[in-house]
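Colleague: One structure, as structure tokens, below. Some questions next.
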Amino acid sequence: MDATTKERLIRLAEDDIPIHKYFGLKVDTIEKDFVRVKVPFRKDLVGDIRINHWHGGIIATILDSVGGAIGIANFDSAEDKLSTIDLRVDYLRFADGKDLIFEGKLVRMGNRIMVTKMKALQENILIAEGKGVYNFIRAKK
């Protein structure tokens, strides 16, 4: 992937997708088969105010976004489309009130189906892992 494409994808992920901008998502790495982003902790992302832990739905949303970003990195055209078919998340530990790192890796890219594995880490400790299955539709040429 060339530098111009990477810059465009980073701008899309960080600034153009409203939910990503709201979360403060910052791209660390973006390739056709791997994405790593950082999301800073904020009080309005807490699920349990008694113990200051991240909301699990926020973690799932960002895992889905990371999986989808791999699909977008594989677009041949701005007219290509991607939608989530299935998302599975296993929560392994509580995510304390600190920043999270999310990684996604391409498992399989078929003609219409893409499969990714994602994980959420906090201080190099695995917090959650997920699997995403996406409907990948290439624009007609």
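Letters A, B, ... go to the chains of the structure tokens in the order shown; residues in each chain start at 1; ligands are counted from 1 in the same order.
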Within 10 Å of region 111-113 of chain A, counting only C-alpha atoms, which residues qualify if same-chain residues fewer than 5 places away don't, as a PyMOL selection string?
Modeller: chain A and resi 71+82-85+133-138
Colleague: Keeping N, CA and C atoms for every residue in the selection just given, could you write it to a file as a JSON list (two decimals), in the first residue's frame?
Modeller:
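Below is the file result01.json, written as the result:
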```json
[["chain", "number", "residue", "atom", "x", "y", "z"],
["A", 71, "GLY", "N", -11.23, -4.32, 5.86],
["A", 71, "GLY", "CA", -11.98, -4.40, 4.61],
["A", 71, "GLY", "C", -11.80, -3.16, 3.76],
["A", 82, "LEU", "N", -19.11, -2.65, 2.33],
["A", 82, "LEU", "CA", -18.77, -3.58, 3.40],
["A", 82, "LEU", "C", -19.83, -3.48, 4.48],
["A", 83, "SER", "N", -20.28, -4.63, 4.97],
["A", 83, "SER", "CA", -21.21, -4.61, 6.10],
["A", 83, "SER", "C", -20.93, -5.82, 6.99],
["A", 84, "THR", "N", -21.19, -5.66, 8.26],
["A", 84, "THR", "CA", -20.95, -6.72, 9.23],
["A", 84, "THR", "C", -22.05, -7.77, 9.13],
["A", 85, "ILE", "N", -21.66, -9.02, 9.01],
["A", 85, "ILE", "CA", -22.59, -10.15, 9.03],
["A", 85, "ILE", "C", -22.69, -10.69, 10.45],
["A", 133, "VAL", "N", -17.16, -11.28, 10.76],
["A", 133, "VAL", "CA", -17.45, -11.79, 9.42],
["A", 133, "VAL", "C", -18.18, -10.67, 8.70],
["A", 134, "TYR", "N", -17.69, -10.32, 7.52],
["A", 134, "TYR", "CA", -18.20, -9.15, 6.79],
["A", 134, "TYR", "C", -18.61, -9.53, 5.38],
["A", 135, "ASN", "N", -19.67, -8.89, 4.91],
["A", 135, "ASN", "CA", -20.11, -9.00, 3.54],
["A", 135, "ASN", "C", -19.31, -7.96, 2.75],
["A", 136, "PHE", "N", -18.54, -8.41, 1.80],
["A", 136, "PHE", "CA", -17.63, -7.54, 1.04],
["A", 136, "PHE", "C", -18.11, -7.53, -0.40],
["A", 137, "ILE", "N", -18.59, -6.39, -0.87],
["A", 137, "ILE", "CA", -19.14, -6.31, -2.22],
["A", 137, "ILE", "C", -18.30, -5.34, -3.05],
["A", 138, "ARG", "N", -17.69, -5.88, -4.07],
["A", 138, "ARG", "CA", -16.89, -5.06, -4.98],
["A", 138, "ARG", "C", -17.82, -4.38, -5.99]]
```
Colleague: Please run DSSP on the backbone and report, as a short mmCIF file (atom, residue, chain, number, x, y, z; two decimals) with all heavy atoms, in the first residue's frame, all residues within region 27-113 of chain A that come out as strand (DSSP E).
Modeller:
```cif
data_model
loop_
_atom_site.label_atom_id
_atom_site.label_comp_id
_atom_site.auth_asym_id
_atom_site.auth_seq_id
_atom_site.Cartn_x
_atom_site.Cartn_y
_atom_site.Cartn_z
N VAL A 27 -4.99 6.00 14.47
CA VAL A 27 -4.41 4.87 13.76
C VAL A 27 -2.91 4.83 14.02
O VAL A 27 -2.21 5.82 13.84
CB VAL A 27 -4.69 4.96 12.25
CG1 VAL A 27 -3.99 3.83 11.50
CG2 VAL A 27 -6.18 4.95 11.97
N ASP A 28 -2.43 3.66 14.43
CA ASP A 28 -1.00 3.43 14.59
C ASP A 28 -0.44 2.76 13.35
O ASP A 28 0.59 3.16 12.84
CB ASP A 28 -0.76 2.57 15.84
CG ASP A 28 0.71 2.23 16.02
OD1 ASP A 28 1.50 3.17 16.19
OD2 ASP A 28 1.05 1.03 15.98
N THR A 29 -1.14 1.72 12.88
CA THR A 29 -0.70 0.93 11.73
C THR A 29 -1.91 0.58 10.88
O THR A 29 -2.94 0.18 11.43
CB THR A 29 -0.02 -0.39 12.18
OG1 THR A 29 1.03 -0.09 13.08
CG2 THR A 29 0.51 -1.18 11.00
N ILE A 30 -1.77 0.71 9.56
CA ILE A 30 -2.82 0.23 8.67
C ILE A 30 -2.17 -0.39 7.44
O ILE A 30 -1.37 0.23 6.76
CB ILE A 30 -3.84 1.33 8.29
CG1 ILE A 30 -5.03 0.73 7.54
CG2 ILE A 30 -3.19 2.47 7.52
CD1 ILE A 30 -6.27 1.55 7.57
N PHE A 34 -3.60 -5.94 8.36
CA PHE A 34 -3.41 -5.67 9.79
C PHE A 34 -3.70 -4.20 10.08
O PHE A 34 -3.27 -3.31 9.33
CB PHE A 34 -1.97 -6.00 10.20
CG PHE A 34 -1.69 -5.75 11.66
CD1 PHE A 34 -2.11 -6.66 12.62
CD2 PHE A 34 -1.03 -4.61 12.07
CE1 PHE A 34 -1.85 -6.43 13.97
CE2 PHE A 34 -0.76 -4.38 13.41
CZ PHE A 34 -1.18 -5.29 14.36
N VAL A 35 -4.41 -3.97 11.18
CA VAL A 35 -4.71 -2.61 11.63
C VAL A 35 -4.48 -2.54 13.14
O VAL A 35 -4.85 -3.47 13.87
CB VAL A 35 -6.17 -2.22 11.32
CG1 VAL A 35 -6.54 -0.90 11.94
CG2 VAL A 35 -6.42 -2.19 9.82
N ARG A 36 -3.87 -1.46 13.59
CA ARG A 36 -3.71 -1.20 15.03
C ARG A 36 -4.11 0.25 15.29
O ARG A 36 -3.64 1.15 14.62
CB ARG A 36 -2.29 -1.41 15.51
CG ARG A 36 -2.14 -1.15 17.02
CD ARG A 36 -0.71 -1.25 17.54
NE ARG A 36 -0.17 -2.58 17.32
CZ ARG A 36 0.91 -2.84 16.56
NH1 ARG A 36 1.56 -1.87 15.97
NH2 ARG A 36 1.33 -4.08 16.42
N VAL A 37 -5.00 0.43 16.29
CA VAL A 37 -5.44 1.77 16.66
C VAL A 37 -5.38 1.92 18.18
O VAL A 37 -5.39 0.93 18.91
CB VAL A 37 -6.88 2.08 16.17
CG1 VAL A 37 -7.00 1.92 14.66
CG2 VAL A 37 -7.92 1.25 16.89
N LYS A 38 -5.32 3.16 18.61
CA LYS A 38 -5.35 3.48 20.03
C LYS A 38 -6.59 4.33 20.29
O LYS A 38 -6.91 5.23 19.51
CB LYS A 38 -4.10 4.26 20.44
CG LYS A 38 -4.05 4.62 21.90
CD LYS A 38 -2.75 5.33 22.23
CE LYS A 38 -2.67 5.63 23.71
NZ LYS A 38 -1.41 6.29 24.06
N VAL A 39 -7.27 4.04 21.39
CA VAL A 39 -8.43 4.83 21.79
C VAL A 39 -8.19 5.27 23.24
O VAL A 39 -8.01 4.43 24.12
CB VAL A 39 -9.74 4.03 21.67
CG1 VAL A 39 -10.92 4.87 22.12
CG2 VAL A 39 -9.95 3.57 20.23
N VAL A 46 -17.38 4.97 30.14
CA VAL A 46 -17.45 4.04 31.28
C VAL A 46 -18.80 3.33 31.30
O VAL A 46 -19.84 3.93 31.07
CB VAL A 46 -17.22 4.81 32.60
CG1 VAL A 46 -17.59 3.98 33.81
CG2 VAL A 46 -15.77 5.27 32.68
N GLY A 47 -18.76 2.03 31.60
CA GLY A 47 -19.97 1.24 31.72
C GLY A 47 -20.42 1.08 33.16
O GLY A 47 -21.59 0.94 33.45
N ASP A 48 -19.48 1.07 34.08
CA ASP A 48 -19.80 0.92 35.50
C ASP A 48 -19.10 2.04 36.26
O ASP A 48 -17.88 1.98 36.48
CB ASP A 48 -19.35 -0.45 36.01
CG ASP A 48 -19.81 -0.74 37.42
OD1 ASP A 48 -20.09 0.21 38.18
OD2 ASP A 48 -19.88 -1.94 37.78
N HIS A 53 -14.72 1.21 34.80
CA HIS A 53 -14.35 0.28 33.73
C HIS A 53 -15.02 0.68 32.42
O HIS A 53 -16.14 1.19 32.41
CB HIS A 53 -14.77 -1.16 34.07
CG HIS A 53 -13.96 -1.76 35.16
ND1 HIS A 53 -14.39 -2.84 35.88
CD2 HIS A 53 -12.73 -1.47 35.65
CE1 HIS A 53 -13.47 -3.18 36.76
NE2 HIS A 53 -12.47 -2.35 36.65
N TRP A 54 -14.31 0.41 31.31
CA TRP A 54 -14.86 0.65 29.98
C TRP A 54 -16.18 -0.11 29.81
O TRP A 54 -16.33 -1.23 30.29
CB TRP A 54 -13.90 0.14 28.91
CG TRP A 54 -12.73 1.00 28.61
CD1 TRP A 54 -11.62 1.18 29.39
CD2 TRP A 54 -12.52 1.78 27.45
NE1 TRP A 54 -10.74 2.01 28.78
CE2 TRP A 54 -11.26 2.39 27.58
CE3 TRP A 54 -13.26 2.01 26.30
CZ2 TRP A 54 -10.73 3.23 26.60
CZ3 TRP A 54 -12.74 2.83 25.32
CH2 TRP A 54 -11.49 3.44 25.48
N LYS A 81 -18.38 -1.92 -1.12
CA LYS A 81 -19.21 -1.84 0.09
C LYS A 81 -18.83 -2.94 1.07
O LYS A 81 -18.36 -4.01 0.68
CB LYS A 81 -20.68 -1.96 -0.28
CG LYS A 81 -21.17 -0.82 -1.13
CD LYS A 81 -22.62 -0.98 -1.49
CE LYS A 81 -23.03 0.18 -2.41
NZ LYS A 81 -24.36 0.01 -2.91
N LEU A 82 -19.11 -2.65 2.33
CA LEU A 82 -18.77 -3.58 3.40
C LEU A 82 -19.83 -3.48 4.48
O LEU A 82 -20.24 -2.37 4.84
CB LEU A 82 -17.40 -3.20 3.98
CG LEU A 82 -16.86 -4.04 5.11
CD1 LEU A 82 -16.32 -5.35 4.56
CD2 LEU A 82 -15.74 -3.29 5.82
N SER A 83 -20.28 -4.63 4.97
CA SER A 83 -21.21 -4.61 6.10
C SER A 83 -20.93 -5.82 6.99
O SER A 83 -20.46 -6.86 6.53
CB SER A 83 -22.67 -4.64 5.62
OG SER A 83 -22.92 -5.81 4.86
N THR A 84 -21.19 -5.66 8.26
CA THR A 84 -20.95 -6.72 9.23
C THR A 84 -22.05 -7.77 9.13
O THR A 84 -23.23 -7.45 9.18
CB THR A 84 -20.91 -6.15 10.66
OG1 THR A 84 -19.96 -5.09 10.70
CG2 THR A 84 -20.55 -7.23 11.66
N ILE A 85 -21.66 -9.02 9.01
CA ILE A 85 -22.59 -10.15 9.03
C ILE A 85 -22.69 -10.69 10.45
O ILE A 85 -23.76 -10.91 10.98
CB ILE A 85 -22.13 -11.28 8.09
CG1 ILE A 85 -22.17 -10.81 6.63
CG2 ILE A 85 -22.99 -12.53 8.29
CD1 ILE A 85 -21.56 -11.82 5.66
N ASP A 86 -21.53 -10.89 11.06
CA ASP A 86 -21.50 -11.48 12.40
C ASP A 86 -20.31 -10.92 13.17
O ASP A 86 -19.24 -10.73 12.60
CB ASP A 86 -21.38 -13.01 12.29
CG ASP A 86 -21.53 -13.69 13.64
OD1 ASP A 86 -22.54 -13.45 14.33
OD2 ASP A 86 -20.63 -14.47 14.01
N LEU A 87 -20.53 -10.67 14.43
CA LEU A 87 -19.47 -10.20 15.31
C LEU A 87 -19.55 -10.98 16.61
O LEU A 87 -20.60 -11.04 17.24
CB LEU A 87 -19.63 -8.70 15.60
CG LEU A 87 -18.61 -8.07 16.54
CD1 LEU A 87 -17.22 -8.08 15.89
CD2 LEU A 87 -19.03 -6.66 16.90
N ARG A 88 -18.45 -11.60 16.97
CA ARG A 88 -18.39 -12.35 18.23
C ARG A 88 -17.30 -11.71 19.07
O ARG A 88 -16.20 -11.48 18.61
CB ARG A 88 -18.05 -13.81 17.97
CG ARG A 88 -17.89 -14.58 19.25
CD ARG A 88 -17.44 -16.01 19.04
NE ARG A 88 -17.02 -16.56 20.29
CZ ARG A 88 -17.83 -17.07 21.21
NH1 ARG A 88 -19.13 -17.07 21.01
NH2 ARG A 88 -17.36 -17.55 22.33
N VAL A 89 -17.62 -11.45 20.33
CA VAL A 89 -16.66 -10.85 21.24
C VAL A 89 -16.61 -11.68 22.52
O VAL A 89 -17.65 -12.00 23.10
CB VAL A 89 -17.02 -9.39 21.58
CG1 VAL A 89 -16.04 -8.81 22.60
CG2 VAL A 89 -17.06 -8.54 20.32
N ASP A 90 -15.41 -12.02 22.94
CA ASP A 90 -15.19 -12.66 24.23
C ASP A 90 -14.46 -11.65 25.11
O ASP A 90 -13.36 -11.20 24.77
CB ASP A 90 -14.33 -13.93 24.08
CG ASP A 90 -15.06 -15.02 23.33
OD1 ASP A 90 -16.26 -15.22 23.60
OD2 ASP A 90 -14.44 -15.68 22.48
N TYR A 91 -15.08 -11.32 26.24
CA TYR A 91 -14.49 -10.40 27.20
C TYR A 91 -13.70 -11.23 28.21
O TYR A 91 -14.26 -12.09 28.87
CB TYR A 91 -15.57 -9.58 27.91
CG TYR A 91 -16.38 -8.76 26.93
CD1 TYR A 91 -17.60 -9.23 26.44
CD2 TYR A 91 -15.93 -7.53 26.49
CE1 TYR A 91 -18.34 -8.49 25.54
CE2 TYR A 91 -16.66 -6.77 25.59
CZ TYR A 91 -17.86 -7.26 25.12
OH TYR A 91 -18.60 -6.52 24.23
N LEU A 100 -6.85 2.05 25.51
CA LEU A 100 -6.87 0.71 24.93
C LEU A 100 -6.22 0.71 23.55
O LEU A 100 -6.32 1.69 22.82
CB LEU A 100 -8.30 0.18 24.80
CG LEU A 100 -9.04 -0.15 26.09
CD1 LEU A 100 -10.47 -0.55 25.78
CD2 LEU A 100 -8.34 -1.26 26.86
N ILE A 101 -5.60 -0.39 23.23
CA ILE A 101 -5.06 -0.65 21.89
C ILE A 101 -5.92 -1.74 21.28
O ILE A 101 -6.23 -2.74 21.93
CB ILE A 101 -3.59 -1.13 21.95
CG1 ILE A 101 -2.70 -0.09 22.63
CG2 ILE A 101 -3.08 -1.49 20.55
CD1 ILE A 101 -2.54 1.21 21.90
N PHE A 102 -6.31 -1.54 20.02
CA PHE A 102 -7.11 -2.52 19.29
C PHE A 102 -6.33 -2.95 18.06
O PHE A 102 -5.78 -2.11 17.35
CB PHE A 102 -8.45 -1.92 18.86
CG PHE A 102 -9.35 -1.57 20.00
CD1 PHE A 102 -9.22 -0.36 20.66
CD2 PHE A 102 -10.33 -2.45 20.42
CE1 PHE A 102 -10.05 -0.04 21.72
CE2 PHE A 102 -11.16 -2.14 21.48
CZ PHE A 102 -11.02 -0.92 22.13
N GLU A 103 -6.30 -4.26 17.82
CA GLU A 103 -5.63 -4.79 16.64
C GLU A 103 -6.59 -5.69 15.88
O GLU A 103 -7.41 -6.38 16.48
CB GLU A 103 -4.40 -5.61 17.03
CG GLU A 103 -3.32 -4.79 17.69
CD GLU A 103 -2.12 -5.61 18.11
OE1 GLU A 103 -2.16 -6.86 18.06
OE2 GLU A 103 -1.12 -4.97 18.49
N GLY A 104 -6.46 -5.67 14.58
CA GLY A 104 -7.25 -6.55 13.73
C GLY A 104 -6.36 -7.18 12.68
O GLY A 104 -5.43 -6.55 12.17
N LYS A 105 -6.64 -8.44 12.39
CA LYS A 105 -5.85 -9.18 11.40
C LYS A 105 -6.78 -9.89 10.43
O LYS A 105 -7.78 -10.48 10.84
CB LYS A 105 -4.96 -10.21 12.12
CG LYS A 105 -4.06 -10.96 11.20
CD LYS A 105 -3.13 -11.87 11.97
CE LYS A 105 -2.25 -12.57 10.97
NZ LYS A 105 -1.24 -13.39 11.60
N LEU A 106 -6.45 -9.81 9.15
CA LEU A 106 -7.22 -10.49 8.12
C LEU A 106 -6.98 -12.00 8.23
O LEU A 106 -5.85 -12.45 8.27
CB LEU A 106 -6.81 -9.99 6.74
CG LEU A 106 -7.51 -10.62 5.55
CD1 LEU A 106 -9.00 -10.27 5.55
CD2 LEU A 106 -6.86 -10.18 4.25
N VAL A 107 -8.07 -12.76 8.29
CA VAL A 107 -7.98 -14.21 8.32
C VAL A 107 -8.23 -14.77 6.93
O VAL A 107 -7.50 -15.63 6.45
CB VAL A 107 -9.01 -14.81 9.32
CG1 VAL A 107 -9.03 -16.33 9.24
CG2 VAL A 107 -8.70 -14.35 10.73
N ARG A 108 -9.27 -14.25 6.28
CA ARG A 108 -9.65 -14.78 4.96
C ARG A 108 -10.39 -13.72 4.17
O ARG A 108 -11.26 -13.03 4.69
CB ARG A 108 -10.55 -16.00 5.13
CG ARG A 108 -11.00 -16.61 3.84
CD ARG A 108 -11.86 -17.85 4.10
NE ARG A 108 -12.52 -18.25 2.88
CZ ARG A 108 -13.69 -17.81 2.46
NH1 ARG A 108 -14.37 -16.97 3.19
NH2 ARG A 108 -14.22 -18.21 1.34
N MET A 109 -10.03 -13.59 2.91
CA MET A 109 -10.74 -12.70 2.00
C MET A 109 -11.23 -13.54 0.84
O MET A 109 -10.43 -14.03 0.04
CB MET A 109 -9.82 -11.59 1.49
CG MET A 109 -10.48 -10.68 0.47
SD MET A 109 -11.80 -9.66 1.13
CE MET A 109 -10.84 -8.38 1.88
N ILE A 113 -17.05 -12.71 1.12
CA ILE A 113 -16.99 -12.79 2.58
C ILE A 113 -15.56 -12.55 3.05
O ILE A 113 -14.61 -13.11 2.51
CB ILE A 113 -17.46 -14.18 3.08
CG1 ILE A 113 -18.87 -14.50 2.60
CG2 ILE A 113 -17.33 -14.29 4.60
CD1 ILE A 113 -19.95 -13.60 3.17
#
```
Colleague: I'd like the contact shell of Thr5 (chain A) - 12 Å cut-off, only C-alpha atoms, skipping same-chain residues fewer than 3 positions apart - returned as a list in words.
Modeller: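 Residues near the query, excluding close chain neighbours: Met1, Asp2, Arg8, Leu9, Ile10, Arg11, Leu12, Ile30, Glu31, Lys32, Ile72, Ala73, Asn74, Phe75, Asp76, Ser77 and Ala78 of chain A.
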Colleague: Using all heavy atoms, can you export the residues from the last selection as a CSV table (one decimal), in the first residue's frame?
Modeller:
```csv
chain,number,residue,atom,x,y,z
A,1,MET,N,0.9,-1.2,0.0
A,1,MET,CA,0.0,0.0,0.0
A,1,MET,C,0.9,1.2,0.0
A,1,MET,O,1.8,1.3,0.8
A,1,MET,CB,-0.9,0.0,1.2
A,1,MET,CG,-1.8,1.1,1.4
A,1,MET,SD,-2.8,1.1,2.9
A,1,MET,CE,-3.5,-0.5,2.9
A,2,ASP,N,0.6,2.2,-0.9
A,2,ASP,CA,1.5,3.4,-1.0
A,2,ASP,C,1.1,4.4,0.1
A,2,ASP,O,0.1,4.3,0.7
A,2,ASP,CB,1.4,4.0,-2.4
A,2,ASP,CG,0.0,4.5,-2.7
A,2,ASP,OD1,-0.5,5.4,-2.0
A,2,ASP,OD2,-0.7,4.0,-3.7
A,8,ARG,N,-4.8,8.7,3.2
A,8,ARG,CA,-6.2,8.8,3.0
A,8,ARG,C,-7.0,7.9,3.9
A,8,ARG,O,-8.0,8.4,4.5
A,8,ARG,CB,-6.5,8.5,1.5
A,8,ARG,CG,-8.0,8.6,1.1
A,8,ARG,CD,-8.2,8.3,-0.4
A,8,ARG,NE,-7.6,7.1,-0.8
A,8,ARG,CZ,-8.2,5.9,-0.6
A,8,ARG,NH1,-9.3,5.8,0.0
A,8,ARG,NH2,-7.6,4.8,-1.1
A,9,LEU,N,-6.6,6.7,4.1
A,9,LEU,CA,-7.3,5.8,5.0
A,9,LEU,C,-7.2,6.2,6.5
A,9,LEU,O,-8.2,6.1,7.2
A,9,LEU,CB,-6.7,4.3,4.9
A,9,LEU,CG,-7.0,3.6,3.6
A,9,LEU,CD1,-6.3,2.3,3.5
A,9,LEU,CD2,-8.5,3.4,3.4
A,10,ILE,N,-6.1,6.7,6.9
A,10,ILE,CA,-5.9,7.3,8.2
A,10,ILE,C,-6.8,8.4,8.5
A,10,ILE,O,-7.5,8.5,9.5
A,10,ILE,CB,-4.4,7.6,8.6
A,10,ILE,CG1,-3.6,6.3,8.6
A,10,ILE,CG2,-4.3,8.5,9.8
A,10,ILE,CD1,-2.1,6.6,8.7
A,11,ARG,N,-6.9,9.4,7.5
A,11,ARG,CA,-7.8,10.5,7.6
A,11,ARG,C,-9.3,10.1,7.7
A,11,ARG,O,-10.1,10.6,8.4
A,11,ARG,CB,-7.6,11.5,6.4
A,11,ARG,CG,-8.3,12.8,6.6
A,11,ARG,CD,-8.0,13.8,5.5
A,11,ARG,NE,-8.2,13.3,4.1
A,11,ARG,CZ,-7.2,12.9,3.3
A,11,ARG,NH1,-5.9,13.0,3.6
A,11,ARG,NH2,-7.5,12.5,2.1
A,12,LEU,N,-9.6,9.1,6.8
A,12,LEU,CA,-11.0,8.5,6.9
A,12,LEU,C,-11.3,7.9,8.2
A,12,LEU,O,-12.3,8.3,8.8
A,12,LEU,CB,-11.1,7.4,5.8
A,12,LEU,CG,-12.4,6.6,5.8
A,12,LEU,CD1,-13.6,7.5,5.4
A,12,LEU,CD2,-12.3,5.4,4.9
A,30,ILE,N,-1.8,0.7,9.6
A,30,ILE,CA,-2.8,0.2,8.7
A,30,ILE,C,-2.2,-0.4,7.4
A,30,ILE,O,-1.4,0.2,6.8
A,30,ILE,CB,-3.8,1.3,8.3
A,30,ILE,CG1,-5.0,0.7,7.5
A,30,ILE,CG2,-3.2,2.5,7.5
A,30,ILE,CD1,-6.3,1.6,7.6
A,31,GLU,N,-2.5,-1.7,7.2
A,31,GLU,CA,-2.0,-2.4,6.1
A,31,GLU,C,-3.2,-3.2,5.5
A,31,GLU,O,-4.3,-3.1,6.1
A,31,GLU,CB,-0.9,-3.4,6.5
A,31,GLU,CG,0.3,-2.8,7.2
A,31,GLU,CD,1.1,-2.0,6.3
A,31,GLU,OE1,1.0,-2.2,5.0
A,31,GLU,OE2,1.9,-1.2,6.8
A,32,LYS,N,-3.1,-3.9,4.5
A,32,LYS,CA,-4.2,-4.6,3.9
A,32,LYS,C,-4.6,-5.8,4.8
A,32,LYS,O,-5.7,-6.3,4.7
A,32,LYS,CB,-3.8,-5.1,2.5
A,32,LYS,CG,-3.9,-4.0,1.4
A,32,LYS,CD,-3.8,-4.6,0.1
A,32,LYS,CE,-4.0,-3.5,-1.0
A,32,LYS,NZ,-5.4,-3.6,-1.5
A,72,ILE,N,-11.9,-2.0,4.4
A,72,ILE,CA,-11.7,-0.7,3.6
A,72,ILE,C,-10.3,-0.6,3.1
A,72,ILE,O,-10.1,-0.2,1.9
A,72,ILE,CB,-12.1,0.5,4.5
A,72,ILE,CG1,-13.6,0.4,4.9
A,72,ILE,CG2,-11.7,1.8,3.9
A,72,ILE,CD1,-14.0,1.4,6.0
A,73,ALA,N,-9.3,-1.1,3.8
A,73,ALA,CA,-8.0,-1.1,3.3
A,73,ALA,C,-7.8,-2.0,2.0
A,73,ALA,O,-6.9,-1.9,1.3
A,73,ALA,CB,-7.0,-1.6,4.4
A,74,ASN,N,-8.8,-2.9,1.8
A,74,ASN,CA,-8.8,-3.8,0.7
A,74,ASN,C,-9.7,-3.4,-0.4
A,74,ASN,O,-9.9,-4.1,-1.4
A,74,ASN,CB,-9.1,-5.2,1.1
A,74,ASN,CG,-7.9,-5.9,1.8
A,74,ASN,OD1,-7.0,-6.4,1.1
A,74,ASN,ND2,-7.8,-5.8,3.1
A,75,PHE,N,-10.3,-2.2,-0.3
A,75,PHE,CA,-11.2,-1.7,-1.4
A,75,PHE,C,-10.4,-1.5,-2.6
A,75,PHE,O,-9.3,-1.0,-2.6
A,75,PHE,CB,-11.9,-0.4,-1.0
A,75,PHE,CG,-13.1,-0.6,-0.1
A,75,PHE,CD1,-13.5,-1.8,0.4
A,75,PHE,CD2,-13.9,0.5,0.2
A,75,PHE,CE1,-14.7,-1.9,1.2
A,75,PHE,CE2,-15.0,0.4,1.0
A,75,PHE,CZ,-15.4,-0.8,1.5
A,76,ASP,N,-11.0,-1.8,-3.8
A,76,ASP,CA,-10.4,-1.4,-5.1
A,76,ASP,C,-11.0,-0.1,-5.6
A,76,ASP,O,-10.4,0.5,-6.5
A,76,ASP,CB,-10.7,-2.5,-6.1
A,76,ASP,CG,-9.9,-3.8,-5.8
A,76,ASP,OD1,-8.8,-3.7,-5.2
A,76,ASP,OD2,-10.4,-4.9,-6.2
A,77,SER,N,-12.1,0.2,-5.0
A,77,SER,CA,-12.9,1.4,-5.5
A,77,SER,C,-13.6,2.0,-4.3
A,77,SER,O,-14.0,1.3,-3.4
A,77,SER,CB,-13.9,1.0,-6.6
A,77,SER,OG,-14.9,1.9,-6.7
A,78,ALA,N,-13.9,3.3,-4.4
A,78,ALA,CA,-14.7,4.0,-3.4
A,78,ALA,C,-16.1,3.5,-3.4
A,78,ALA,O,-16.9,3.7,-2.5
A,78,ALA,CB,-14.6,5.5,-3.6
```
Colleague: With only C-alpha atoms as the basis for distance, which of A:Asp99, A:Asp80, A:Asp64, A:Glu14 is at the shortest distance from Lys43 (chain A)?
Modeller: A:Asp99
